[in-house]
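Please read the structure below before turning to the comments.
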Amino acid sequence: MSLFDTRVPAVLLRIDRNPFHHGTLGAVRSLGRAGVDVHVVADCAGSPVRHSRFVRQLHPPPPPGASPDAIAAVLRRVAARFTCPAVLIPMDDASAVAAARLRAELAPSYLLPPQPPTLAEQVADKAELAEMCARVGVPHPETLVPESTEQAAAMAWRLGLPVIAKWSRPWLLPPDSGLRSTVVVRSTQEARELYLRTEEAGSRLLLQEFLPPGPERDWFFHGYVDRSGAVRAGGPGVKEQSWPRGAGLTAVGRWRPNPQVQGLAERLTRELGYRGVLDLDFRLCGATGAYHLLDFNPRPGAQFRLFTDTAGLDVVRALHLDLTHRPLPAGMPLPGRAFVVENYAPLTAPRRGAGGRELAWHAGDDRVPGWAMWALWGRHVSRRLLERVRRVCTRPGRRSRAAQVIRQAAAPAASRTDLAALPEPAEVSGPTELPDLPDLPDDQKASSC
């Protein structure tokens with residue numbers, strides 16, 4: 001007999017357009033393997049996710065920037081196909097904020113964790129998170145919110161350049177604005193220029209103390225907080241490789257016991273009364289030895305499948321079991337287990353570690369998405385390379401730079417995964433952005449690094 005109530009379908013909601021979001025595929029496989037019908041409300045036209053044999057049905061998502069009423073209308077149309085309420089699982093910040101606010105309205109059709117309707121929005125808001133951390137005693141990088149261009153310059157100088165600049169609500173950024181959720185600011189003029197785009201960004205600009213990266217300094221915690229407030233499933237992990245190097249998403253992560261990180265996560269959820277799935281990012285401060293919380297994502301992180309215990313429990317399965325009033329199996333942690341994203345760490349993917357590992361795209365029981373990923377990724381990288389060559393060739397005196405890009409374009413696709421991290425020429429002005437990523441969601445963009 002299955003542990004799961006397989007009569008209850010799961011609906012994965014993703015508003016952000018990102019064809020290479022491997023977390024969505026992980027959730028599809030996790031619940032599909034358990035016998036749950038999985039419906040995906042996301043733009044999967046150019047995504048490997050659409051090829052998974054565990055997808056029951058794909059549904060068109062609401063457009064980016066859709067109103068709560070529009071999002072609710074889409075979800076009600078999907079729910080009309082079901083004979084019982086479905087478990088709703090937001091897979092990006094915009095979806096998580098909307099689902100929490102719409103919980104009462106969606107209650108007849110969907111099951112969602114019981115918590116205050118604005119809490120997901122508060123923890124996802126970078127400025128409000130800093131205030132919450134100060135209130136509950138969780139270390140957080142010093143964060144200032146300017147109210148003018150001159151304040152932005154003065155605060156950047158006070159914090160000590162370089163500083164991290166973030167938009168407090170990155171899910172509100174217009175898709176074609178060119179704005180990044182997180183950038184490294186290296187001058188007071190850059191801080192002024194960035195502040196001038198506040199209205200366009202749709203949320204406040206904040207400036208944050210820069211905590212230098214280093215080996216074993218970047219940590220994350222994934223968990224599920226059940227209806228009683230207990231943290232179940234998940235655990236702490238360390239980022240061993242990132243893409244781009246030093247300041248990006250997790251390309252290789254490893255499950256590693258860390259009582260300090262675990263304790264901070266449990267204190268934060270207890271004090272805030274948080275319920276549901278969470279993904280926290282921490283950075284170890286080399287000067288103080290304290291773990292600082294960088295981000296609180298109120299939904300599954302892209303690498304959540306790293307934390308699959310001996311009973312097969314992960315945070316997404318824990319959510320479905322808890323909301324359908326099924327007991328959660330008592331499994332044992334698997335420290336040492338690794339998670340590898342093949343297109344970002346192609347040389348690591350073939351290696352088998354002693355603690356076991358899981359690949360983001362390839363799976364023996366669901367092979368087609370892995371094959372599709374390489375075809376789509378190859379086209380994506382080639383397109384970005386051609387765009388980069390065109391930009392470089394239009395700048396006087398940059399022929400050698402263009403030649404370098406062309407030589408790398410001729411290399412095998414597996415050796416080109418760091419091409420998006422190529423630095424721009426020195427004369428480029430404006431804020432120093434983190435390397436150009438492929439329309440990545442917030443959980444796959446660099447945090448305070």
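Chain identifiers are assigned as A, B, and so on, following the order in which chains appear in the structure tokens; residues are numbered from 1 within each chain, and ligands are numbered from 1 in order of appearance.
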
Go through stretch 2-73 of chain A residue by residue and, counting only C-alpha atoms, keep those with an atom at most 12 Å from stretch 164-172 of chain A; for each kept residue give the shortest atom pair and its distance in Å to one decimal, ordered by chain and increasing number, as a Markdown table.
```
| residue | atom | partner | partner_atom | distance |
| --- | --- | --- | --- | --- |
| A:Arg14 | CA | A:Trp171 | CA | 11.7 |
| A:Ile15 | CA | A:Trp171 | CA | 9.5 |
| A:Asp16 | CA | A:Trp171 | CA | 8.1 |
| A:Arg17 | CA | A:Trp171 | CA | 11.3 |
| A:Pro64 | CA | A:Leu172 | CA | 8.7 |
| A:Gly65 | CA | A:Leu172 | CA | 6.9 |
| A:Ala66 | CA | A:Leu172 | CA | 10.2 |
| A:Ser67 | CA | A:Leu172 | CA | 11.5 |
```

Expected file contents, prior selection, N, CA and C atoms, as a PDB file, in the first residue's frame:
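Generated output (result11.pdb):
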```pdb
ATOM      1  N   ARG A  14       4.556  27.587 -11.725  1.00  0.00           N
ATOM      2  CA  ARG A  14       5.765  28.385 -11.964  1.00  0.00           C
ATOM      3  C   ARG A  14       5.427  29.505 -12.935  1.00  0.00           C
ATOM      4  N   ILE A  15       5.529  30.746 -12.455  1.00  0.00           N
ATOM      5  CA  ILE A  15       5.233  31.911 -13.285  1.00  0.00           C
ATOM      6  C   ILE A  15       6.486  32.372 -14.025  1.00  0.00           C
ATOM      7  N   ASP A  16       7.626  32.311 -13.369  1.00  0.00           N
ATOM      8  CA  ASP A  16       8.896  32.726 -13.975  1.00  0.00           C
ATOM      9  C   ASP A  16       9.205  31.874 -15.197  1.00  0.00           C
ATOM     10  N   ARG A  17       9.637  32.517 -16.285  1.00  0.00           N
ATOM     11  CA  ARG A  17      10.002  31.797 -17.514  1.00  0.00           C
ATOM     12  C   ARG A  17      11.453  31.350 -17.428  1.00  0.00           C
ATOM     13  N   PRO A  64       3.895  36.613 -16.801  1.00  0.00           N
ATOM     14  CA  PRO A  64       4.685  37.322 -15.788  1.00  0.00           C
ATOM     15  C   PRO A  64       4.014  38.641 -15.427  1.00  0.00           C
ATOM     16  N   GLY A  65       3.981  38.947 -14.145  1.00  0.00           N
ATOM     17  CA  GLY A  65       3.336  40.174 -13.695  1.00  0.00           C
ATOM     18  C   GLY A  65       1.827  40.084 -13.614  1.00  0.00           C
ATOM     19  N   ALA A  66       1.272  38.874 -13.731  1.00  0.00           N
ATOM     20  CA  ALA A  66      -0.174  38.709 -13.677  1.00  0.00           C
ATOM     21  C   ALA A  66      -0.720  39.127 -12.314  1.00  0.00           C
ATOM     22  N   SER A  67      -1.930  39.642 -12.307  1.00  0.00           N
ATOM     23  CA  SER A  67      -2.582  40.040 -11.059  1.00  0.00           C
ATOM     24  C   SER A  67      -2.993  38.798 -10.279  1.00  0.00           C
TER      25      SER A  67
END
```

Compile the contact shell of A:Pro114 as a ChimeraX atom specification: residues with an atom at most 9 Å away, counting only C-alpha atoms, same-chain residues fewer than 3 positions apart removed. /A:100,103,117,227,274-276

Just to confirm, what's the straight-line distance from atom CA of A:Ala124 to atom CA of A:Phe210 in Å (one decimal)? 19.6 Å

Need the shell around stretch 31-35 of chain A: protein/DNA/RNA residues with any atom at most 7 Å away, counting only C-alpha atoms. Skip same-chain ones fewer than 3 positions apart. Format as a ChimeraX atom specification? /A:6,27-28,38,54,317

Resulting file, chosen residues, N, CA, C and O atoms, as a PDB file, in the first residue's frame:
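The resulting again_3.pdb:
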```pdb
ATOM      1  N   THR A   6      -2.859   8.774  -3.344  1.00  0.00           N
ATOM      2  CA  THR A   6      -2.676   9.010  -4.777  1.00  0.00           C
ATOM      3  C   THR A   6      -3.942   9.522  -5.454  1.00  0.00           C
ATOM      4  O   THR A   6      -3.909   9.835  -6.646  1.00  0.00           O
ATOM      5  N   ALA A  27      10.686  17.920  -8.819  1.00  0.00           N
ATOM      6  CA  ALA A  27       9.389  17.765  -8.164  1.00  0.00           C
ATOM      7  C   ALA A  27       8.466  16.858  -8.961  1.00  0.00           C
ATOM      8  O   ALA A  27       7.728  16.038  -8.393  1.00  0.00           O
ATOM      9  N   VAL A  28       8.501  16.978 -10.281  1.00  0.00           N
ATOM     10  CA  VAL A  28       7.698  16.099 -11.135  1.00  0.00           C
ATOM     11  C   VAL A  28       8.081  14.644 -10.895  1.00  0.00           C
ATOM     12  O   VAL A  28       7.214  13.771 -10.707  1.00  0.00           O
ATOM     13  N   VAL A  38       0.822  14.407 -11.503  1.00  0.00           N
ATOM     14  CA  VAL A  38       1.476  15.710 -11.414  1.00  0.00           C
ATOM     15  C   VAL A  38       1.070  16.564 -12.605  1.00  0.00           C
ATOM     16  O   VAL A  38       1.302  16.191 -13.760  1.00  0.00           O
ATOM     17  N   PHE A  54       6.661  11.430 -16.175  1.00  0.00           N
ATOM     18  CA  PHE A  54       5.907  11.569 -14.937  1.00  0.00           C
ATOM     19  C   PHE A  54       4.969  12.784 -14.947  1.00  0.00           C
ATOM     20  O   PHE A  54       4.265  13.011 -13.963  1.00  0.00           O
ATOM     21  N   ARG A 317       7.746  15.645  -1.109  1.00  0.00           N
ATOM     22  CA  ARG A 317       6.945  14.500  -0.647  1.00  0.00           C
ATOM     23  C   ARG A 317       6.396  14.758   0.763  1.00  0.00           C
ATOM     24  O   ARG A 317       5.262  14.398   1.066  1.00  0.00           O
TER      25      ARG A 317
END
```

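Atom CA of A:Gln303 sits 17.1 Å away from atom CA of A:Leu13.
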
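Residue neighbourhood of A:Gly235, excluding near-sequence residues (fewer than 3 positions): A:Phe220, A:Phe221, A:His222, A:Gly223, A:Tyr224, A:Val231, A:Arg232, A:Trp255, A:Arg256, A:Pro257, A:Asn258, A:Pro259, A:Val261, A:Gln262, A:Ala265, A:Asp279, A:Phe304, A:Leu306, A:Phe307, A:Thr308, A:Asp309, A:Asp314, A:Val315, A:Pro333, A:Leu334, A:Pro335, at 10 Å, using only C-alpha atoms.
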
Enumerate as a PyMOL selection string all residues of stretch 181-403 of chain A assigned to alpha helix (DSSP H) by DSSP on the backbone, naming them with the chain letters and numbers the document uses. chain A and resi 188-195+198-201+259-272+315-323+368-393+399-403

Save the residues we just selected, C-alpha atoms, as a short mmCIF file (atom, residue, chain, number, x, y, z; two decimals), in the first residue's frame?
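Wrote it out as again08.cif, contents follow:
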```cif
data_model
loop_
_atom_site.label_atom_id
_atom_site.label_comp_id
_atom_site.auth_asym_id
_atom_site.auth_seq_id
_atom_site.Cartn_x
_atom_site.Cartn_y
_atom_site.Cartn_z
CA THR A 188 29.40 55.32 -5.43
CA GLN A 189 28.44 56.40 -8.95
CA GLU A 190 27.21 52.91 -9.72
CA ALA A 191 25.06 53.06 -6.58
CA ARG A 192 23.54 56.37 -7.72
CA GLU A 193 22.80 55.05 -11.22
CA LEU A 194 21.17 51.93 -9.87
CA TYR A 195 18.97 53.88 -7.47
CA THR A 198 13.95 52.12 -8.59
CA GLU A 199 10.61 52.96 -10.19
CA GLU A 200 11.38 50.70 -13.14
CA ALA A 201 12.37 47.83 -10.80
CA PRO A 259 24.41 22.01 13.72
CA GLN A 260 24.85 25.80 13.53
CA VAL A 261 23.03 26.13 10.22
CA GLN A 262 20.36 23.67 11.34
CA GLY A 263 19.84 25.58 14.58
CA LEU A 264 19.53 28.94 12.84
CA ALA A 265 16.95 27.54 10.40
CA GLU A 266 14.86 26.03 13.19
CA ARG A 267 15.04 29.21 15.29
CA LEU A 268 13.93 31.35 12.35
CA THR A 269 10.93 29.18 11.40
CA ARG A 270 9.88 28.85 15.03
CA GLU A 271 10.01 32.58 15.73
CA LEU A 272 8.23 33.53 12.52
CA VAL A 315 10.59 18.23 1.14
CA VAL A 316 8.08 17.97 -1.71
CA ARG A 317 6.94 14.50 -0.65
CA ALA A 318 6.75 15.70 2.96
CA LEU A 319 4.45 18.53 1.87
CA HIS A 320 2.08 16.19 0.03
CA LEU A 321 1.98 13.68 2.88
CA ASP A 322 1.41 16.29 5.57
CA LEU A 323 -1.33 18.18 3.73
CA VAL A 368 14.24 11.75 -22.33
CA PRO A 369 14.51 15.01 -20.33
CA GLY A 370 18.27 14.50 -20.00
CA TRP A 371 18.68 14.02 -23.74
CA ALA A 372 16.43 17.01 -24.45
CA MET A 373 18.42 19.18 -22.04
CA TRP A 374 21.67 18.78 -23.98
CA ALA A 375 19.99 19.60 -27.30
CA LEU A 376 18.28 22.69 -25.87
CA TRP A 377 21.35 23.76 -23.89
CA GLY A 378 23.58 23.50 -26.97
CA ARG A 379 21.26 25.75 -28.95
CA HIS A 380 21.02 28.18 -26.03
CA VAL A 381 24.79 28.46 -25.57
CA SER A 382 25.36 28.86 -29.32
CA ARG A 383 22.80 31.66 -29.48
CA ARG A 384 24.35 33.47 -26.53
CA LEU A 385 27.83 33.12 -28.02
CA LEU A 386 26.71 34.67 -31.29
CA GLU A 387 25.10 37.54 -29.39
CA ARG A 388 28.34 38.07 -27.46
CA VAL A 389 30.41 38.01 -30.68
CA ARG A 390 28.15 40.61 -32.29
CA ARG A 391 28.45 42.90 -29.25
CA VAL A 392 32.23 42.52 -29.10
CA CYS A 393 32.70 43.10 -32.82
CA ARG A 399 38.95 41.96 -32.58
CA SER A 400 41.18 39.89 -30.32
CA ARG A 401 38.32 39.58 -27.86
CA ALA A 402 36.00 38.43 -30.65
CA ALA A 403 38.57 35.88 -31.76
#
```

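Residues with any atom within 7 Å of A:Pro19, counting only C-alpha atoms and excluding same-chain neighbours fewer than 2 positions away, are Arg17, His21, Cys44, Gly46 and Ser47 of chain A.
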